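*Asks:* Input final00.cif, format and content: mmCIF, C-alpha atoms and all ligand atoms.
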data_query
loop_
_atom_site.label_atom_id
_atom_site.label_comp_id
_atom_site.auth_asym_id
_atom_site.auth_seq_id
_atom_site.Cartn_x
_atom_site.Cartn_y
_atom_site.Cartn_z
CA MET K 1 13.60 -16.89 15.26
CA THR K 2 10.05 -17.40 13.99
CA TRP K 3 7.92 -14.44 12.91
CA PRO K 4 5.46 -13.93 15.79
CA TYR K 5 2.32 -13.29 13.73
CA LYS K 6 0.16 -15.54 11.58
CA ASP K 7 -1.59 -12.48 10.07
CA LEU K 8 -0.79 -9.04 8.73
CA ILE K 9 -3.74 -6.73 9.25
CA ALA K 10 -2.32 -3.28 9.96
CA ILE K 11 0.94 -1.36 10.17
CA ALA K 12 -0.42 -0.04 13.47
CA ASP K 13 0.19 -3.57 14.88
CA LEU K 14 3.91 -3.65 13.99
CA SER K 15 6.86 -2.23 15.89
CA ALA K 16 9.67 -0.28 14.22
CA ASP K 17 11.95 -3.32 14.65
CA GLU K 18 9.43 -5.58 12.94
CA ILE K 19 9.03 -3.15 10.04
CA GLY K 20 12.84 -2.95 9.79
CA THR K 21 13.08 -6.75 9.67
CA ILE K 22 10.56 -6.98 6.80
CA LEU K 23 12.37 -4.26 4.83
CA ASP K 24 15.75 -5.92 5.37
CA MET K 25 14.48 -9.34 4.31
CA ALA K 26 12.75 -7.99 1.18
CA ALA K 27 16.10 -7.21 -0.46
CA SER K 28 16.93 -10.93 -0.78
CA PHE K 29 13.45 -11.72 -2.11
CA LYS K 30 13.82 -8.93 -4.69
CA GLU K 31 16.90 -10.66 -6.07
CA ILE K 32 14.85 -13.79 -6.92
CA SER K 33 12.70 -11.84 -9.40
CA ARG K 34 15.85 -10.70 -11.26
CA ARG K 35 17.04 -14.25 -11.93
CA ASP K 36 16.47 -16.13 -15.17
CA ILE K 37 14.56 -18.79 -13.25
CA LYS K 38 12.34 -16.77 -10.93
CA LYS K 39 11.21 -19.55 -8.66
CA VAL K 40 12.33 -21.08 -5.36
CA PRO K 41 10.75 -24.07 -3.57
CA THR K 42 10.24 -22.27 -0.23
CA LEU K 43 6.43 -22.55 -0.03
CA ARG K 44 5.95 -25.79 -1.97
CA GLY K 45 2.79 -27.54 -0.80
CA LYS K 46 1.22 -24.35 0.61
CA THR K 47 -2.04 -22.95 -0.76
CA VAL K 48 -2.74 -19.23 -1.05
CA VAL K 49 -6.26 -17.95 -1.84
CA LEU K 50 -6.82 -14.39 -3.05
CA LEU K 51 -10.25 -12.91 -2.30
CA PHE K 52 -10.53 -9.53 -4.03
CA TYR K 53 -13.88 -7.84 -3.47
CA GLU K 54 -12.57 -4.60 -5.00
CA PRO K 55 -10.68 -4.10 -8.28
CA SER K 56 -6.89 -4.33 -8.21
CA THR K 57 -4.04 -4.58 -10.68
CA ARG K 58 -0.82 -4.21 -8.70
CA THR K 59 -1.73 -5.79 -5.36
CA ARG K 60 -3.52 -8.80 -6.77
CA LEU K 61 -0.99 -9.58 -9.49
CA SER K 62 2.00 -9.09 -7.24
CA PHE K 63 0.58 -11.27 -4.46
CA GLU K 64 -0.23 -13.97 -6.99
CA LEU K 65 3.23 -13.75 -8.58
CA ALA K 66 4.86 -13.63 -5.14
CA ALA K 67 3.14 -16.85 -4.11
CA LYS K 68 3.98 -18.55 -7.42
CA ARG K 69 7.65 -17.51 -7.25
CA LEU K 70 7.78 -19.16 -3.83
CA SER K 71 6.13 -22.29 -5.37
CA ALA K 72 2.82 -22.01 -3.48
CA ASP K 73 -0.41 -23.00 -5.24
CA THR K 74 -2.72 -20.04 -5.78
CA THR K 75 -6.31 -19.44 -6.69
CA ALA K 76 -8.16 -16.14 -6.91
CA LEU K 77 -11.77 -15.04 -6.62
CA SER K 78 -13.29 -11.62 -7.31
CA ALA K 79 -16.64 -10.35 -6.08
CA SER K 80 -18.19 -10.27 -9.56
CA GLY K 81 -17.39 -13.92 -10.27
CA SER K 82 -18.39 -15.24 -6.87
CA SER K 83 -21.59 -16.06 -4.98
CA PHE K 84 -21.30 -12.59 -3.36
CA THR K 85 -23.47 -11.55 -6.31
CA LYS K 86 -26.14 -13.99 -5.05
CA GLY K 87 -26.09 -12.46 -1.57
CA GLU K 88 -23.53 -14.64 0.22
CA THR K 89 -21.80 -12.75 3.02
CA ILE K 90 -18.03 -12.37 3.10
CA MET K 91 -17.80 -14.39 6.32
CA ASP K 92 -19.85 -17.25 4.83
CA ALA K 93 -17.52 -17.16 1.85
CA ALA K 94 -14.50 -17.15 4.18
CA TYR K 95 -15.74 -20.20 6.15
CA ASN K 96 -16.36 -22.02 2.85
CA VAL K 97 -12.88 -21.17 1.58
CA MET K 98 -11.46 -22.35 4.93
CA ALA K 99 -13.20 -25.72 4.46
CA MET K 100 -10.86 -26.22 1.48
CA ALA K 101 -7.83 -25.88 3.79
CA PRO K 102 -5.84 -22.92 2.44
CA ASP K 103 -2.73 -21.87 4.35
CA CYS K 104 -3.24 -18.18 3.64
CA ILE K 105 -6.11 -15.92 2.53
CA ILE K 106 -5.30 -12.53 1.06
CA ILE K 107 -8.33 -10.30 1.31
CA ARG K 108 -9.26 -6.94 -0.20
CA TYR K 109 -12.64 -5.65 0.92
CA PRO K 110 -14.46 -2.32 0.52
CA TYR K 111 -15.19 -1.95 4.25
CA ALA K 112 -12.83 -1.76 7.21
CA GLY K 113 -12.50 -4.56 9.74
CA ILE K 114 -13.20 -7.70 7.69
CA PRO K 115 -9.53 -8.88 7.50
CA LYS K 116 -9.25 -8.54 11.30
CA LYS K 117 -12.50 -10.44 11.85
CA MET K 118 -11.29 -13.22 9.53
CA ALA K 119 -7.96 -13.36 11.37
CA GLN K 120 -9.78 -13.80 14.69
CA LEU K 121 -12.08 -16.54 13.41
CA LEU K 122 -10.01 -18.56 10.92
CA PRO K 123 -6.93 -20.68 11.66
CA CYS K 124 -5.07 -19.84 8.42
CA SER K 125 -2.95 -16.72 7.83
CA ILE K 126 -4.84 -13.62 6.76
CA ILE K 127 -3.13 -10.79 4.91
CA ASN K 128 -4.95 -7.50 4.47
CA ALA K 129 -4.70 -6.30 0.86
CA GLY K 130 -6.69 -3.14 1.69
CA ASP K 131 -9.87 -2.74 3.76
CA GLY K 132 -12.06 0.29 3.16
CA TYR K 133 -10.47 3.49 4.49
CA HIS K 134 -8.63 1.58 7.23
CA GLU K 135 -5.24 0.22 6.12
CA HIS K 136 -3.24 -1.07 3.15
CA PRO K 137 -0.25 -2.42 5.07
CA THR K 138 1.62 -4.07 2.20
CA GLN K 139 1.45 -0.82 0.21
CA ALA K 140 3.04 1.11 3.08
CA LEU K 141 5.76 -1.52 3.44
CA LEU K 142 6.62 -1.36 -0.26
CA ASP K 143 6.56 2.43 -0.10
CA MET K 144 8.92 2.47 2.89
CA TYR K 145 11.17 -0.06 1.18
CA SER K 146 11.29 2.11 -1.97
CA ILE K 147 12.13 5.26 0.01
CA LYS K 148 14.82 3.46 2.01
CA GLU K 149 16.23 1.91 -1.16
CA HIS K 150 16.59 5.38 -2.70
CA PHE K 151 17.86 7.36 0.31
CA GLY K 152 19.46 4.59 2.39
CA ARG K 153 17.31 5.57 5.37
CA LEU K 154 13.84 6.64 6.48
CA GLU K 155 14.79 8.50 9.64
CA GLY K 156 14.79 12.26 9.33
CA LEU K 157 13.30 12.40 5.82
CA ASN K 158 10.46 14.79 4.99
CA VAL K 159 7.69 12.79 3.35
CA THR K 160 4.77 14.75 1.93
CA ILE K 161 1.55 12.87 1.18
CA VAL K 162 -0.84 14.80 -1.08
CA GLY K 163 -4.51 14.15 -1.71
CA ASP K 164 -7.65 12.67 -0.29
CA ILE K 165 -6.32 11.73 3.14
CA MET K 166 -9.76 11.07 4.60
CA HIS K 167 -10.59 8.18 2.27
CA SER K 168 -7.03 6.85 1.90
CA ARG K 169 -5.94 3.59 3.49
CA VAL K 170 -2.57 4.12 1.78
CA ALA K 171 -2.11 7.40 3.66
CA ARG K 172 -3.10 5.89 7.01
CA SER K 173 -0.73 2.93 6.71
CA ASN K 174 2.11 5.14 5.51
CA VAL K 175 1.61 7.62 8.33
CA TYR K 176 1.76 4.86 10.94
CA GLY K 177 4.80 3.24 9.37
CA LEU K 178 6.80 6.33 8.45
CA ARG K 179 6.28 7.87 11.90
CA LYS K 180 7.48 4.66 13.58
CA MET K 181 10.57 4.69 11.36
CA GLY K 182 11.44 8.29 12.28
CA ALA K 183 10.33 10.17 9.16
CA HIS K 184 8.60 13.55 9.34
CA VAL K 185 5.25 13.39 7.55
CA VAL K 186 3.35 16.31 6.06
CA LEU K 187 -0.21 15.75 4.83
CA VAL K 188 -1.40 18.13 2.12
CA THR K 189 -5.13 18.11 1.49
CA PRO K 190 -8.15 20.33 1.08
CA LYS K 191 -9.84 20.98 4.44
CA THR K 192 -12.86 18.93 3.36
CA LEU K 193 -10.68 15.83 2.98
CA LEU K 194 -8.97 16.00 6.37
CA PRO K 195 -9.92 12.98 8.48
CA PRO K 196 -11.36 13.58 11.94
CA GLY K 197 -8.72 13.11 14.67
CA VAL K 198 -5.76 13.89 12.36
CA GLU K 199 -4.30 16.10 15.10
CA THR K 200 -3.46 12.93 17.06
CA TRP K 201 -1.46 11.37 14.16
CA GLY K 202 1.82 13.16 14.91
CA VAL K 203 2.02 14.75 11.47
CA GLU K 204 2.06 18.26 10.05
CA VAL K 205 -0.97 19.31 8.00
CA SER K 206 -1.05 21.87 5.19
CA THR K 207 -3.90 22.90 2.94
CA ALA K 208 -1.41 24.34 0.43
CA LEU K 209 1.02 22.28 -1.65
CA ASP K 210 3.38 24.93 -3.03
CA PRO K 211 5.07 26.00 0.24
CA VAL K 212 5.79 22.36 1.17
CA ILE K 213 7.43 21.27 -2.11
CA PRO K 214 10.95 22.73 -1.60
CA GLU K 215 11.26 21.05 1.82
CA SER K 216 10.12 17.57 0.76
CA ASP K 217 12.42 14.61 0.13
CA VAL K 218 9.48 12.51 -1.04
CA ILE K 219 6.23 13.67 -2.61
CA MET K 220 3.68 10.89 -2.56
CA MET K 221 0.62 11.69 -4.66
CA LEU K 222 -2.63 9.91 -3.84
CA ARG K 223 -5.21 8.90 -6.38
CA VAL K 224 -8.38 10.97 -6.54
CA GLN K 225 -10.75 8.17 -5.60
CA LYS K 226 -13.70 9.04 -7.79
CA GLU K 227 -15.63 6.03 -6.47
CA ARG K 228 -15.42 7.27 -2.86
CA LEU K 229 -15.76 11.05 -3.37
CA HIS K 230 -19.00 12.97 -3.21
CA GLN K 231 -19.61 16.57 -4.25
CA GLN K 232 -19.63 17.84 -0.66
CA PHE K 233 -15.93 16.91 -0.34
CA PHE K 234 -14.61 17.78 -3.76
CA SER K 235 -15.21 20.81 -5.92
CA GLY K 236 -14.06 19.30 -9.23
CA GLU K 237 -11.10 17.78 -11.00
CA ARG K 238 -9.89 20.97 -12.69
CA GLU K 239 -9.79 22.98 -9.49
CA TYR K 240 -8.22 20.08 -7.58
CA SER K 241 -5.56 19.73 -10.24
CA PHE K 242 -4.80 23.45 -10.11
CA PHE K 243 -4.27 23.52 -6.34
CA TYR K 244 -3.03 19.99 -5.59
CA GLY K 245 -1.86 18.41 -8.84
CA LEU K 246 1.84 17.64 -9.35
CA ASN K 247 2.88 19.21 -12.66
CA LYS K 248 6.06 20.26 -14.46
CA SER K 249 6.41 23.65 -12.74
CA ARG K 250 5.93 22.08 -9.30
CA VAL K 251 8.44 19.31 -10.11
CA GLN K 252 10.99 22.01 -10.97
CA LYS K 253 10.65 23.37 -7.42
CA MET K 254 11.51 20.02 -5.79
CA LYS K 255 14.81 19.46 -3.96
CA GLU K 256 17.58 18.17 -6.19
CA ASP K 257 17.39 14.54 -5.02
CA ALA K 258 13.68 14.44 -4.10
CA VAL K 259 11.49 11.69 -5.55
CA ILE K 260 7.89 11.31 -6.74
CA MET K 261 5.75 8.37 -5.65
CA HIS K 262 2.21 7.22 -6.41
CA PRO K 263 0.58 3.96 -5.27
CA GLY K 264 -1.37 3.63 -8.53
CA PRO K 265 -3.62 3.55 -10.36
CA MET K 266 -2.85 7.11 -11.49
CA ASN K 267 -5.37 9.57 -12.86
CA ARG K 268 -2.99 11.25 -15.27
CA GLY K 269 -4.01 14.87 -15.73
CA VAL K 270 -5.81 15.03 -12.38
CA GLU K 271 -3.49 14.48 -9.38
CA ILE K 272 -0.36 14.08 -11.53
CA THR K 273 0.56 15.16 -15.06
CA TYR K 274 2.30 12.99 -17.64
CA ASP K 275 5.58 14.92 -17.27
CA ALA K 276 5.60 14.48 -13.50
CA ALA K 277 4.66 10.79 -13.58
CA ASP K 278 7.25 9.98 -16.21
CA SER K 279 10.01 12.30 -15.00
CA ALA K 280 13.45 11.10 -13.92
CA ARG K 281 12.39 11.75 -10.30
CA SER K 282 9.57 9.22 -10.46
CA ILE K 283 10.13 5.95 -8.59
CA ILE K 284 6.58 4.77 -9.28
CA LEU K 285 7.62 1.63 -11.16
CA ASP K 286 10.26 0.86 -8.51
CA GLN K 287 7.34 0.79 -6.06
CA VAL K 288 5.66 -1.86 -8.19
CA GLU K 289 8.82 -4.00 -8.45
CA ASN K 290 9.38 -3.66 -4.70
CA GLY K 291 5.76 -4.63 -4.00
CA LEU K 292 6.50 -8.10 -5.30
CA ALA K 293 9.54 -8.46 -3.01
CA ILE K 294 7.62 -7.20 0.02
CA ARG K 295 4.74 -9.60 -0.66
CA MET K 296 7.11 -12.54 -1.11
CA THR K 297 8.63 -11.63 2.27
CA LEU K 298 5.24 -11.44 3.97
CA LEU K 299 4.02 -14.72 2.53
CA TYR K 300 7.24 -16.36 3.65
CA LEU K 301 6.96 -14.95 7.17
CA SER K 302 3.23 -15.53 7.58
CA LEU K 303 3.57 -19.13 6.44
CA GLY K 304 6.15 -20.00 9.05
CA GLY K 305 9.45 -18.84 7.59
CA SER K 306 12.17 -17.89 10.01
CA VAL K 307 13.62 -14.43 10.39
CA ASN K 308 17.31 -14.27 9.51
CA VAL K 309 19.18 -13.04 12.55
CA ASP K 310 22.93 -12.81 12.19
N1 LIG K 401 -1.76 0.44 -5.06
C1 LIG K 401 -2.74 -0.45 -5.24
O1 LIG K 401 -3.32 -0.96 -4.25
O2 LIG K 401 -3.04 -0.70 -6.54
P1 LIG K 401 -4.17 -1.74 -7.02
O3 LIG K 401 -5.50 -1.18 -6.57
O4 LIG K 401 -4.04 -1.82 -8.49
O5 LIG K 401 -3.90 -3.04 -6.32
#
Before we go any further, please render this structure as structure tokens.
Ligand code: CP
*Replies:*
Amino acid sequence: MTWPYKDLIAIADLSADEIGTILDMAASFKEISRRDIKKVPTLRGKTVVLLFYEPSTRTRLSFELAAKRLSADTTALSASGSSFTKGETIMDAAYNVMAMAPDCIIIRYPYAGIPKKMAQLLPCSIINAGDGYHEHPTQALLDMYSIKEHFGRLEGLNVTIVGDIMHSRVARSNVYGLRKMGAHVVLVTPKTLLPPGVETWGVEVSTALDPVIPESDVIMMLRVQKERLHQQFFSGEREYSFFYGLNKSRVQKMKEDAVIMHPGPMNRGVEITYDAADSARSIILDQVENGLAIRMTLLYLSLGGSVNVD
């Protein structure tokens, strides 16, 4: 069976079965990165272009490594080193990149909707690596993979997402995905950072973290996005840390087998302390390792690989 999509724009577009297929396939791609020779010829002859108009460490590196481990050729462009600085629009840049015949463009952009527009207008595969406050679908897939890897399931788990929900594409994608996979999601956030329409998301909302901790199987801390926050939303780092930061005393109140997650980059000392981030409960680096496997899977599927059906 061939994967039915050329693009991956949003978790909202995927069914629970499709998410399950990606998570199942990622396990075999993860094994490749643990070999001595971490390379297979699967995507030989394919070209993958990374357009990153916002900074990135994990997503950009793991997509690039994922493509290389599948033997695709890669090239990357960031906003600061491109003709964006001379006023070229993203769509002009995209048409120019398309003229060089890539098979896949991976795009991160500060505003929502550009990956979808590119997918509608360009014949190559488009993968959304994060667009504004909209979605970060590969992050949610690697998060779901990491949770399932730890617990053996997603269904019935209590997943608490803590932080700036309004500006978080990670939170949106995770909510869509986790709900589809049968998890119960609790969003913990100050009232000022609640997105409009959250009552339609099918989640529980709390403005207090402490009462939620003992019930949570997963506590996913979100980065305080200093670049997106203004004073009207956020009273200050010290106060935020006091009410919403994950610290040693809060970690001690977690369920025995509960885990800590963070998409990175972390603001240590703001949303998470050193002890919490580095505790035995943290699966933050597992998330990073799994991100590579998920991105290998998505490149394989988007570039015409078949889905294994037994
Ligand atoms: N989680 C995540 O998207 O990290 P980067 O911004 O470093 O890619």
*Asks:* Can you measure atom CA of Ile272 of chain K to atom CA of Ala12 of chain K for me? One decimal in Å is fine.
*Replies:*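 According to the coordinates, atom CA of Ile272 of chain K and atom CA of Ala12 of chain K are separated by 28.7 Å.
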*Asks:* Residues within 9 Å of ligand LIG 401 (chain K), counting all atoms listed in the file: report them as a list in words.
*Replies:*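 My answer, listing the contacting residues, is Glu54, Pro55, Ser56, Thr57, Arg58, Thr59, Arg60, Leu61, Ser62, Ala129, Gly130, His136, Thr138, Gln139, Val170, His262, Pro263, Gly264, Pro265 and Val288 of chain K.
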*Asks:* Which of these residues is nearest to Ile161 of chain K, using all atoms listed in the file: K:Thr207, K:Ser279, K:Asn267, K:Ser83?
*Replies:*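 Selected residue with least distance to Ile161 of chain K: K:Thr207.
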*Asks:* Which value, in Å to one decimal, gives the distance between atom CA of Phe84 of chain K and atom CA of Val224 of chain K?
*Replies:* 27.1 Å
*Asks:* Let me make sure I understand: among K:Ile283, K:Asp92, K:Ala258, K:Arg108, which one has the smallest atom-to-atom distance to Ser78 of chain K if we use all atoms listed in the file?
*Replies:*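 The answer is K:Arg108, which sits nearest to Ser78 of chain K.
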*Asks:* For Pro4 of chain K, which of K:Glu18, K:Gly269, K:Gly132, K:Lys86 is the closest residue, counting only C-alpha atoms?
*Replies:*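 Checking each candidate against Pro4 of chain K, we get K:Glu18 as the closest.
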*Asks:* Hey, can you check how far atom CA of Glu256 of chain K sits from atom CA of Leu142 of chain K?
*Replies:*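 If I compute the distance from atom CA of Glu256 of chain K to atom CA of Leu142 of chain K, I get 23.2 Å.
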*Asks:* Of the candidates K:Val186, K:Val162, K:Gly236, K:Leu209, which one gets nearest to Met221 of chain K if we count only C-alpha atoms?
*Replies:* K:Val162
*Asks:* Looking at only C-alpha atoms, which of K:Val212, K:Ile260, K:Ile90, K:Ile105 is the one that sits closest to Ser146 of chain K?
*Replies:*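 Checking each of K:Val212, K:Ile260, K:Ile90, K:Ile105 against Ser146 of chain K, counting only C-alpha atoms, the winner is K:Ile260.
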*Asks:* Using the file's own x, y and z axes, what box holds all listed atoms of segment 102-112 of chain K with 4 Å on each side, keeping edges along x, y and z, and what are its centre and edge lengths in Å to one decimal, as JSON?
*Replies:*
{"center_x": -9.0, "center_y": -12.3, "center_z": 3.5, "size_x": 20.5, "size_y": 29.2, "size_z": 15.4}
*Asks:* Dump as a tab-separated table the rows for residues of segment 38-152 of chain K within 12 Å of segment 25-34 of chain K: closest atom pair and distance in Å with one decimal, all atoms listed in the file counted, ordered by chain and rising residue number.
*Replies:*
residue	atom	partner	partner_atom	distance
K:Lys38	CA	K:Ser33	CA	5.2
K:Lys39	CA	K:Ile32	CA	7.0
K:Val40	CA	K:Ile32	CA	7.9
K:Pro41	CA	K:Ile32	CA	11.6
K:Thr42	CA	K:Phe29	CA	11.2
K:Ser62	CA	K:Ser33	CA	11.3
K:Leu65	CA	K:Ser33	CA	9.7
K:Ala66	CA	K:Ser33	CA	9.1
K:Ala67	CA	K:Phe29	CA	11.7
K:Lys68	CA	K:Ser33	CA	11.2
K:Arg69	CA	K:Ser33	CA	7.9
K:Leu70	CA	K:Ile32	CA	9.4
K:Thr138	CA	K:Ala26	CA	11.8
K:Leu141	CA	K:Ala26	CA	9.8
K:Leu142	CA	K:Ala26	CA	9.1
K:Met144	CA	K:Ala26	CA	11.3
K:Tyr145	CA	K:Ala26	CA	8.1
K:Ser146	CA	K:Ala27	CA	10.6
K:Lys148	CA	K:Ala27	CA	11.0
K:Glu149	CA	K:Ala27	CA	9.1
*Asks:* Can you work out which one of K:Pro115, K:Glu215, K:Val205, K:Ser15 has the shortest atom-to-atom distance to Leu157 of chain K, counting all atoms listed in the file?
*Replies:* K:Glu215
*Asks:* Skip Glu155 of chain K itself and residues of its chain fewer than 3 positions away, then list as a list in words all residues within 6 Å of it, counting all atoms listed in the file.
*Replies:* Met181, Gly182 and Ala183 of chain K
*Asks:* Those residues with C-alpha atoms, as a PDB file, keeping the file's coordinate frame please?
*Replies:*
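Written out: part_7.pdb:
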ATOM      1  CA  MET K 181      10.570   4.690  11.360  1.00  0.00           C
ATOM      2  CA  GLY K 182      11.440   8.290  12.280  1.00  0.00           C
ATOM      3  CA  ALA K 183      10.330  10.170   9.160  1.00  0.00           C
TER       4      ALA K 183
END
*Asks:* Identify, on the basis of only C-alpha atoms, every residue whose closest approach to Arg268 of chain K does not exceed 10 Å; exclude the query and any residue fewer than 6 positions from it along the same chain; express the result as number ranges by chain.
*Replies:* K: 223, 245-246, 274-277
*Asks:* May I have the residues from that selection written out with C-alpha atoms, as a PDB file, in the frame of the given file?
*Replies:*
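See again-v4.pdb below for the written result:
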ATOM      1  CA  ARG K 223      -5.210   8.900  -6.380  1.00  0.00           C
ATOM      2  CA  GLY K 245      -1.860  18.410  -8.840  1.00  0.00           C
ATOM      3  CA  LEU K 246       1.840  17.640  -9.350  1.00  0.00           C
ATOM      4  CA  TYR K 274       2.300  12.990 -17.640  1.00  0.00           C
ATOM      5  CA  ASP K 275       5.580  14.920 -17.270  1.00  0.00           C
ATOM      6  CA  ALA K 276       5.600  14.480 -13.500  1.00  0.00           C
ATOM      7  CA  ALA K 277       4.660  10.790 -13.580  1.00  0.00           C
TER       8      ALA K 277
END
*Asks:* Could you name the residues that touch Ser241 of chain K at 6 Å or less, counting all atoms listed in the file, but leaving out those on the same chain fewer than 4 positions away, as a list in words?
*Replies:*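 Contacts, in chain order: Glu237, Gly245, Val270 and Glu271 of chain K.
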*Asks:* Leaving out Gly113 of chain K and any residue of its chain fewer than 2 positions from it, which residues lie within 8 Å of it when counting all atoms listed in the file, given as a ChimeraX atom specification?
*Replies:* /K:111,115-117,131,134
